[in-house]
Amino acid sequence: MEKQAELPKIWCVGVAVCAASYTFDRLFSYIAMQEIPAGCRVVVPFGKGNAKRVGIVLSCAEQAAQPEQQLKPVLAVVDKQPILSPEMLDLVFWLKEMTFCTYYDAVRTILPAGMQVQLVETISLAEPQPDCPLTDAEAHLLFFLRGAKTKQEFRRILADADTQGKKIVDTLVQKGFLLRQETVKEKTHGQTGIKMLRMAAPPDEVPPVTKTQQKLVRILQETGAVSEKEACYLSGVTTAVAKKLVQNGVVESYTVKPPLHTYAASGQTRQPADIVLSAEQQAVYDRMVAALGEGMHCFLLHGVTGSGKTSVFIRLIDTVVQRGKQVILLVPEIALTPQIVEQFYQLFGNIVAVIHSELSLGQRSETWRSIASGAVKIIIGTRSAVFAPVQNLGLIVVDEEGERTYKSDSAPRYHAISVAKKRCQTHHCPLLLASATPSVESYYFAKRGIYTLLEMHQRYNQTPLPHVEVVDMQEERTLGKEGMFSETLAQALRDNLESGSQSLLLLNRRGYHTIISCASCNQPVYCPNCSI
């Protein structure tokens with residue numbers, strides 16, 4: 001009896017496809033003839049029209065081929081290695097479940113914008129051209145495409161085609177006169193560096209050059225090394241002149257990697273150990289150091305304004321870094337980032353990275369890769385920095401944890417503190433929330449013992465807190481004063497004006513009421529038909 005031939009092995013991959021609506025979002029199954037690790041991006045046919053879509057593999061299982069199986073094949077694999085670690089893949093499923101977003105929305109949130117890919121269609125003339133009849137319209141368009149002198153002119157002719165013209169292009173592709181190719185391109189491949197120029201030979205050994213080249217040579221002899229862009233601008237020549245000098249061996253060209261942040265160039269100028277802590281600060285620091293080896297636990301640091309919470313952060317972060325681990329420090333808004341980043345660069349040098357929305361796409365990609373490689377130990381940033389690809393997390397600090405900016409207003413609508421808890425659970429490290437005005441939830445959890453409450457009641461160097469007075473405007477109305485300002489505020493403004501000082505008034509709302517209440521009994525006015 002003949003032995004039945006063994007069917008070849010195939011892999012069934014679950015792909016999260018981009019631009020999928022939440023109503024039909026799921027992991028779509030495709031077949032592949034090779035194993036594709038979870039976390040790799042792929043190109044797949046999607047829908048009845050088999051439109052090419054970018055997706056990411058979230059599951060891969062080997063199975064025997066079934067003849068009746070009608071799964072579509074994976075068209076192309078974008079990444080050789082997974083771009084998402086197992087922890088990040090777990091975060092994708094967690095975000096999907098907790099925030100009701102699509103799988104790809106979760107992936108797009110975790111990955112920096114510069115690493116996202118897109119399909120780019122290119123059309124070119126086929127060589128050799130087929131021998132088959134053409135209509136007058138087809139021959140007319142093909143005549144102009146063949147006559148295009150540059151690639152830009154060729155693309156412009158295609159772009160200017162109307163609806164009928166696009167149909168003619170499709171026909172020419174079908175007949176083989178034109179080739180249509182779709183390639184996957186990343187929005188940016190990071191910072192490629194700054195092209196620099198310097199003299200390749202001493203001044204007395206420079207070979208003869210033209211008068212135009214002499215202008216560039218003179219600039220390089222005066223300045224030493226300078227960027228190609230600046231050198232050409234100062235000498236009034238084009239980059240072609242610089243290229244010719246490099247080819248002749250007169251000038252040397254090399255590339256330097258620019259710093260990820262403007263403060264990185266200054267380097268480390270201070271030591272974290274130089275910061276002296278007060279008795280309250282030292283007590284908080286000692287408790288947190290003891291917790292570094294206790295696994296995941298949440299701490300709430302409630303310290304009055306000016307109590308020196310940042311100094312505690314710095315000493316604590318230094319301890320974590322000395323133990324070979326990474327730290328994430330979240331701040332509520334970009335406006336606070338520069339002053340904190342400058343201070344941390346002065347204390348820790350180039351092991352600091354910054355993540356926020358005002359970075360360029362190249363900076364975001366380069367920062368992501370530096371963090372993933374382990375070269376960066378301290379990550380400072382706004383809400384999105386909680387997804388930094390750290391491999392050995394030792395601590396997450398959330399400064400001003402009560403701010404609403406930690407909550408995302410677009411899908412996925414995650415809260416950065418919730419994500420921080422999830423990541424701390426994965427890495428078995430503590431989470432430190434800090435604020436002078438913590439959120440009601442955090443303070444409630446601290447009072448209940450779910451969080452550990454740490455308090456600092458005194459300002460650093462015993463400086464007094466400013467005087468605060470709360471004025472009840474209802475009492476002002478009772479006295480017959482219907483103005484916008486209370487008498488207390490009006491008098492304080494008069495005193496400031498007379499003394500030549502300045503005043504700052506803050507409005508918490510923009511001219512609309514949330515409720516209407518009675519001026520006599522303070523009871524709100526309700527709708528007679530509902531509770532509004």
# chains A, B, ... in the order shown; residues from 1 in each chain; ligands from 1
call {"tool": "residues_around", "arguments": {"residues": "Ile56 of chain A", "least_positions_apart": "6", "cutoff": "9 Å", "atoms": "only C-alpha atoms", "output": "PyMOL selection string"}}
result
chain A and resi 14-18+38-43+104+107
call {"tool": "write_last_selection", "arguments": {"atoms": "N, CA and C atoms", "output": "short mmCIF file (atom, residue, chain, number, x, y, z; two decimals), in the first residue's frame"}}
result
data_model
loop_
_atom_site.label_atom_id
_atom_site.label_comp_id
_atom_site.auth_asym_id
_atom_site.auth_seq_id
_atom_site.Cartn_x
_atom_site.Cartn_y
_atom_site.Cartn_z
N GLY A 14 -2.84 35.82 12.05
CA GLY A 14 -3.92 36.75 12.36
C GLY A 14 -3.42 38.17 12.20
N VAL A 15 -4.02 38.92 11.30
CA VAL A 15 -3.52 40.25 10.92
C VAL A 15 -4.53 41.32 11.33
N ALA A 16 -4.03 42.36 12.02
CA ALA A 16 -4.82 43.55 12.29
C ALA A 16 -4.62 44.51 11.12
N VAL A 17 -5.69 44.77 10.38
CA VAL A 17 -5.62 45.54 9.15
C VAL A 17 -5.91 47.01 9.44
N CYS A 18 -5.14 47.91 8.81
CA CYS A 18 -5.35 49.34 9.00
C CYS A 18 -6.68 49.77 8.38
N ALA A 38 4.94 37.35 15.26
CA ALA A 38 4.00 38.38 15.70
C ALA A 38 4.76 39.68 15.95
N GLY A 39 4.19 40.79 15.47
CA GLY A 39 4.85 42.08 15.60
C GLY A 39 5.45 42.59 14.31
N CYS A 40 5.38 41.79 13.23
CA CYS A 40 5.89 42.22 11.92
C CYS A 40 4.75 42.80 11.09
N ARG A 41 5.04 43.84 10.32
CA ARG A 41 4.04 44.43 9.43
C ARG A 41 4.05 43.70 8.09
N VAL A 42 2.85 43.58 7.49
CA VAL A 42 2.69 42.86 6.24
C VAL A 42 1.76 43.64 5.32
N VAL A 43 1.75 43.26 4.04
CA VAL A 43 0.80 43.78 3.05
C VAL A 43 -0.13 42.63 2.68
N TYR A 104 -5.63 48.07 15.07
CA TYR A 104 -4.60 48.90 14.44
C TYR A 104 -4.51 50.29 15.08
N VAL A 107 -2.11 49.75 17.77
CA VAL A 107 -0.75 49.66 17.23
C VAL A 107 -0.23 51.05 16.87
#
call {"tool": "residues_around", "arguments": {"residues": "segment 21-27 of chain A", "least_positions_apart": "5", "cutoff": "12 Å", "atoms": "only C-alpha atoms", "output": "ChimeraX atom specification"}}
result
/A:12-16,47,55-60,93,96-97,99-106,411-412
call {"tool": "residues_around", "arguments": {"residues": "Val276 of chain A", "least_positions_apart": "6", "cutoff": "12 Å", "atoms": "only C-alpha atoms", "output": "ChimeraX atom specification"}}
result
/A:282,285,308,311-312,314-315,460-461
call {"tool": "atom_distance", "arguments": {"atom1": "atom CA of Val390 of chain A", "atom2": "atom CA of Arg369 of chain A"}}
result
10.1 Å
call {"tool": "residues_around", "arguments": {"residues": "Ala385 of chain A", "least_positions_apart": "5", "cutoff": "9 Å", "atoms": "only C-alpha atoms", "output": "list in words"}}
result
Ile328, Leu329, Leu330, Val354, Ile355, His356, Ile379, Ile380 and Ala416 of chain A
call {"tool": "closest_atom_pairs", "arguments": {"of": "segment 429-490 of chain A", "to": "segment 394-402 of chain A", "cutoff": "9 Å", "atoms": "only C-alpha atoms", "output": "JSON lines"}}
result
{"residue": "A:Cys429", "atom": "CA", "partner": "A:Gly394", "partner_atom": "CA", "distance": 5.4}
{"residue": "A:Pro430", "atom": "CA", "partner": "A:Leu395", "partner_atom": "CA", "distance": 5.6}
{"residue": "A:Leu431", "atom": "CA", "partner": "A:Ile396", "partner_atom": "CA", "distance": 5.1}
{"residue": "A:Leu432", "atom": "CA", "partner": "A:Val397", "partner_atom": "CA", "distance": 4.8}
{"residue": "A:Leu433", "atom": "CA", "partner": "A:Val398", "partner_atom": "CA", "distance": 4.9}
{"residue": "A:Ala434", "atom": "CA", "partner": "A:Asp399", "partner_atom": "CA", "distance": 5.1}
{"residue": "A:Ser435", "atom": "CA", "partner": "A:Glu400", "partner_atom": "CA", "distance": 4.4}
{"residue": "A:Ala436", "atom": "CA", "partner": "A:Glu400", "partner_atom": "CA", "distance": 7.3}
{"residue": "A:Thr437", "atom": "CA", "partner": "A:Gly402", "partner_atom": "CA", "distance": 6.6}
{"residue": "A:Pro438", "atom": "CA", "partner": "A:Gly402", "partner_atom": "CA", "distance": 4.8}
{"residue": "A:Ser439", "atom": "CA", "partner": "A:Gly402", "partner_atom": "CA", "distance": 4.4}
{"residue": "A:Val440", "atom": "CA", "partner": "A:Gly402", "partner_atom": "CA", "distance": 8.2}
{"residue": "A:Ser442", "atom": "CA", "partner": "A:Gly402", "partner_atom": "CA", "distance": 8.2}
call {"tool": "write_last_selection", "arguments": {"atoms": "C-alpha atoms", "output": "mmCIF file, in the first residue's frame"}}
result
data_model
loop_
_atom_site.group_PDB
_atom_site.id
_atom_site.type_symbol
_atom_site.label_atom_id
_atom_site.label_comp_id
_atom_site.auth_asym_id
_atom_site.auth_seq_id
_atom_site.Cartn_x
_atom_site.Cartn_y
_atom_site.Cartn_z
ATOM 1 C CA CYS A 429 8.331 47.744 39.588
ATOM 2 C CA PRO A 430 6.707 50.584 41.606
ATOM 3 C CA LEU A 431 4.615 53.448 40.267
ATOM 4 C CA LEU A 432 5.003 56.874 41.872
ATOM 5 C CA LEU A 433 2.196 59.418 41.425
ATOM 6 C CA ALA A 434 3.002 62.921 42.634
ATOM 7 C CA SER A 435 1.032 66.140 42.929
ATOM 8 C CA ALA A 436 0.275 69.041 45.241
ATOM 9 C CA THR A 437 -3.371 68.618 44.189
ATOM 10 C CA PRO A 438 -3.914 64.894 43.532
ATOM 11 C CA SER A 439 -7.042 63.594 41.855
ATOM 12 C CA VAL A 440 -9.961 62.559 44.041
ATOM 13 C CA SER A 442 -5.878 58.733 43.819
#
call {"tool": "residues_around", "arguments": {"residues": "Val237 of chain A", "least_positions_apart": "3", "cutoff": "10 Å", "atoms": "only C-alpha atoms", "output": "ChimeraX atom specification"}}
result
/A:212-213,215-216,231-234,240-242
call {"tool": "select_by_dssp", "arguments": {"residues": "segment 87-141 of chain A", "states": "strand (DSSP E)", "output": "ChimeraX atom specification"}}
result
/A:117-125
call {"tool": "write_last_selection", "arguments": {"atoms": "C-alpha atoms", "output": "JSON list (two decimals), in the first residue's frame"}}
result
[["chain", "number", "residue", "atom", "x", "y", "z"],
["A", 117, "VAL", "CA", 4.25, 52.80, 6.79],
["A", 118, "GLN", "CA", 2.17, 53.56, 3.72],
["A", 119, "LEU", "CA", 1.69, 51.98, 0.31],
["A", 120, "VAL", "CA", 3.18, 54.04, -2.52],
["A", 121, "GLU", "CA", 2.10, 53.32, -6.11],
["A", 122, "THR", "CA", 4.57, 53.88, -8.93],
["A", 123, "ILE", "CA", 3.86, 53.61, -12.68],
["A", 124, "SER", "CA", 6.61, 53.27, -15.28],
["A", 125, "LEU", "CA", 7.02, 52.38, -18.97]]
call {"tool": "closest_residue", "arguments": {"among": "A:Pro389, A:Gly295, A:Pro272, A:Pro332", "to": "Glu87 of chain A", "atoms": "only C-alpha atoms"}}
result
A:Pro389
call {"tool": "closest_residue", "arguments": {"among": "A:Ile371, A:Leu505, A:Ile351, A:Val304", "to": "Gln458 of chain A", "atoms": "only C-alpha atoms"}}
result
A:Val304
call {"tool": "closest_residue", "arguments": {"among": "A:Pro203, A:Gly249, A:Pro112, A:Pro45", "to": "Leu75 of chain A", "atoms": "only C-alpha atoms"}}
result
A:Pro45
call {"tool": "residues_around", "arguments": {"residues": "segment 151-159 of chain A", "least_positions_apart": "2", "cutoff": "9 Å", "atoms": "only C-alpha atoms", "output": "list in words"}}
result
Thr122, Ile123, Ser124, Leu141, Phe144, Leu145, Arg146, Gly147, Ala148, Lys149, Ala161, Asp162, Gly165, Lys166 and Val169 of chain A
call {"tool": "write_last_selection", "arguments": {"atoms": "C-alpha atoms", "output": "mmCIF file, in the first residue's frame"}}
result
data_model
loop_
_atom_site.group_PDB
_atom_site.id
_atom_site.type_symbol
_atom_site.label_atom_id
_atom_site.label_comp_id
_atom_site.auth_asym_id
_atom_site.auth_seq_id
_atom_site.Cartn_x
_atom_site.Cartn_y
_atom_site.Cartn_z
ATOM 1 C CA THR A 122 4.573 53.880 -8.932
ATOM 2 C CA ILE A 123 3.865 53.612 -12.682
ATOM 3 C CA SER A 124 6.615 53.269 -15.283
ATOM 4 C CA LEU A 141 -1.492 59.399 -23.696
ATOM 5 C CA PHE A 144 3.171 62.085 -24.063
ATOM 6 C CA LEU A 145 4.424 59.625 -21.429
ATOM 7 C CA ARG A 146 7.208 58.454 -23.752
ATOM 8 C CA GLY A 147 8.136 62.077 -24.441
ATOM 9 C CA ALA A 148 8.534 62.995 -20.769
ATOM 10 C CA LYS A 149 12.129 64.098 -20.184
ATOM 11 C CA ALA A 161 -5.246 62.757 -15.895
ATOM 12 C CA ASP A 162 -9.009 63.041 -15.325
ATOM 13 C CA GLY A 165 -7.581 59.382 -18.351
ATOM 14 C CA LYS A 166 -7.150 57.141 -15.286
ATOM 15 C CA VAL A 169 -3.912 54.277 -17.690
#
call {"tool": "closest_residue", "arguments": {"among": "A:Leu465, A:Leu89, A:Cys132, A:Leu454", "to": "Asp286 of chain A", "atoms": "only C-alpha atoms"}}
result
A:Leu454
call {"tool": "closest_residue", "arguments": {"among": "A:Met456, A:Ile532, A:Val78, A:Leu507", "to": "Ala283 of chain A", "atoms": "only C-alpha atoms"}}
result
A:Met456
call {"tool": "select_by_dssp", "arguments": {"residues": "segment 115-264 of chain A", "states": "alpha helix (DSSP H)", "output": "ChimeraX atom specification"}}
result
/A:136-147,151-159,163-175,211-223,228-235,239-247
call {"tool": "residues_around", "arguments": {"residues": "segment 483-493 of chain A", "least_positions_apart": "6", "cutoff": "12 Å", "atoms": "only C-alpha atoms", "output": "list in words"}}
result
Val468, Glu469, Val470, Val471, Asp472, Met473, Gln474, Glu475, Glu476, Arg477, Ser499, Gly500, Ser501, Gln502, Ser503, Leu504, Leu505, Leu507 and Gly511 of chain A
call {"tool": "write_last_selection", "arguments": {"atoms": "N, CA and C atoms", "output": "short mmCIF file (atom, residue, chain, number, x, y, z; two decimals), in the first residue's frame"}}
result
data_model
loop_
_atom_site.label_atom_id
_atom_site.label_comp_id
_atom_site.auth_asym_id
_atom_site.auth_seq_id
_atom_site.Cartn_x
_atom_site.Cartn_y
_atom_site.Cartn_z
N VAL A 468 -3.90 82.60 50.68
CA VAL A 468 -5.05 82.32 49.82
C VAL A 468 -6.32 82.60 50.61
N GLU A 469 -7.21 83.36 50.00
CA GLU A 469 -8.49 83.68 50.65
C GLU A 469 -9.63 83.32 49.71
N VAL A 470 -10.58 82.54 50.19
CA VAL A 470 -11.75 82.13 49.42
C VAL A 470 -12.91 83.06 49.75
N VAL A 471 -13.51 83.65 48.72
CA VAL A 471 -14.60 84.61 48.91
C VAL A 471 -15.89 83.99 48.40
N ASP A 472 -16.94 83.99 49.22
CA ASP A 472 -18.25 83.48 48.84
C ASP A 472 -19.02 84.59 48.13
N MET A 473 -19.20 84.43 46.81
CA MET A 473 -19.89 85.47 46.04
C MET A 473 -21.37 85.55 46.39
N GLN A 474 -21.93 84.50 47.00
CA GLN A 474 -23.34 84.56 47.40
C GLN A 474 -23.53 85.60 48.51
N GLU A 475 -22.55 85.70 49.40
CA GLU A 475 -22.63 86.72 50.44
C GLU A 475 -22.50 88.12 49.85
N GLU A 476 -21.73 88.26 48.80
CA GLU A 476 -21.60 89.56 48.13
C GLU A 476 -22.95 89.97 47.53
N ARG A 477 -23.67 89.02 46.94
CA ARG A 477 -24.98 89.34 46.37
C ARG A 477 -25.98 89.69 47.48
N SER A 499 0.62 100.51 44.28
CA SER A 499 2.02 100.18 44.60
C SER A 499 2.86 99.94 43.36
N GLY A 500 2.22 99.97 42.17
CA GLY A 500 2.97 99.75 40.94
C GLY A 500 3.20 98.28 40.61
N SER A 501 2.53 97.38 41.34
CA SER A 501 2.70 95.95 41.10
C SER A 501 1.75 95.48 39.99
N GLN A 502 1.94 94.26 39.55
CA GLN A 502 1.11 93.68 38.50
C GLN A 502 0.14 92.66 39.09
N SER A 503 -0.98 92.45 38.38
CA SER A 503 -1.99 91.48 38.81
C SER A 503 -2.29 90.52 37.66
N LEU A 504 -2.62 89.30 38.01
CA LEU A 504 -2.93 88.27 37.02
C LEU A 504 -4.26 87.63 37.41
N LEU A 505 -5.25 87.72 36.50
CA LEU A 505 -6.57 87.13 36.74
C LEU A 505 -6.75 85.94 35.81
N LEU A 507 -9.40 82.94 34.34
CA LEU A 507 -10.79 82.53 34.17
C LEU A 507 -10.83 81.03 33.98
N GLY A 511 -17.31 81.87 29.82
CA GLY A 511 -18.55 82.62 29.70
C GLY A 511 -19.80 81.81 29.53
#
call {"tool": "closest_residue", "arguments": {"among": "A:Arg423, A:His297, A:Lys309, A:Arg198", "to": "Gly449 of chain A", "atoms": "only C-alpha atoms"}}
result
A:His297
call {"tool": "decode", "arguments": {"residues": "segment 50-61 of chain A", "atoms": "N, CA and C atoms", "output": "CSV table (one decimal), in the first residue's frame"}}
result
chain,number,residue,atom,x,y,z
A,50,ASN,N,-10.0,43.1,-3.2
A,50,ASN,CA,-8.6,42.7,-2.8
A,50,ASN,C,-7.7,43.9,-2.8
A,51,ALA,N,-8.2,45.0,-2.3
A,51,ALA,CA,-7.3,46.2,-2.2
A,51,ALA,C,-6.2,45.9,-1.2
A,52,LYS,N,-5.0,46.4,-1.6
A,52,LYS,CA,-3.8,46.2,-0.8
A,52,LYS,C,-3.8,47.0,0.5
A,53,ARG,N,-3.7,46.4,1.6
A,53,ARG,CA,-3.7,47.1,2.9
A,53,ARG,C,-2.5,46.7,3.7
A,54,VAL,N,-2.0,47.7,4.5
A,54,VAL,CA,-1.0,47.4,5.5
A,54,VAL,C,-1.6,46.9,6.8
A,55,GLY,N,-1.0,45.8,7.3
A,55,GLY,CA,-1.5,45.3,8.6
A,55,GLY,C,-0.3,44.8,9.4
A,56,ILE,N,-0.6,44.4,10.6
A,56,ILE,CA,0.5,43.9,11.5
A,56,ILE,C,0.1,42.5,12.0
A,57,VAL,N,1.0,41.6,12.0
A,57,VAL,CA,0.7,40.2,12.5
A,57,VAL,C,0.6,40.2,14.0
A,58,LEU,N,-0.5,39.7,14.6
A,58,LEU,CA,-0.6,39.6,16.0
A,58,LEU,C,-0.7,38.1,16.5
A,59,SER,N,-0.8,37.2,15.6
A,59,SER,CA,-0.7,35.8,15.9
A,59,SER,C,-0.2,35.0,14.7
A,60,CYS,N,0.4,33.9,15.0
A,60,CYS,CA,0.9,33.0,13.9
A,60,CYS,C,1.0,31.6,14.4
A,61,ALA,N,0.3,30.7,13.7
A,61,ALA,CA,0.2,29.3,14.1
A,61,ALA,C,0.5,28.4,12.9
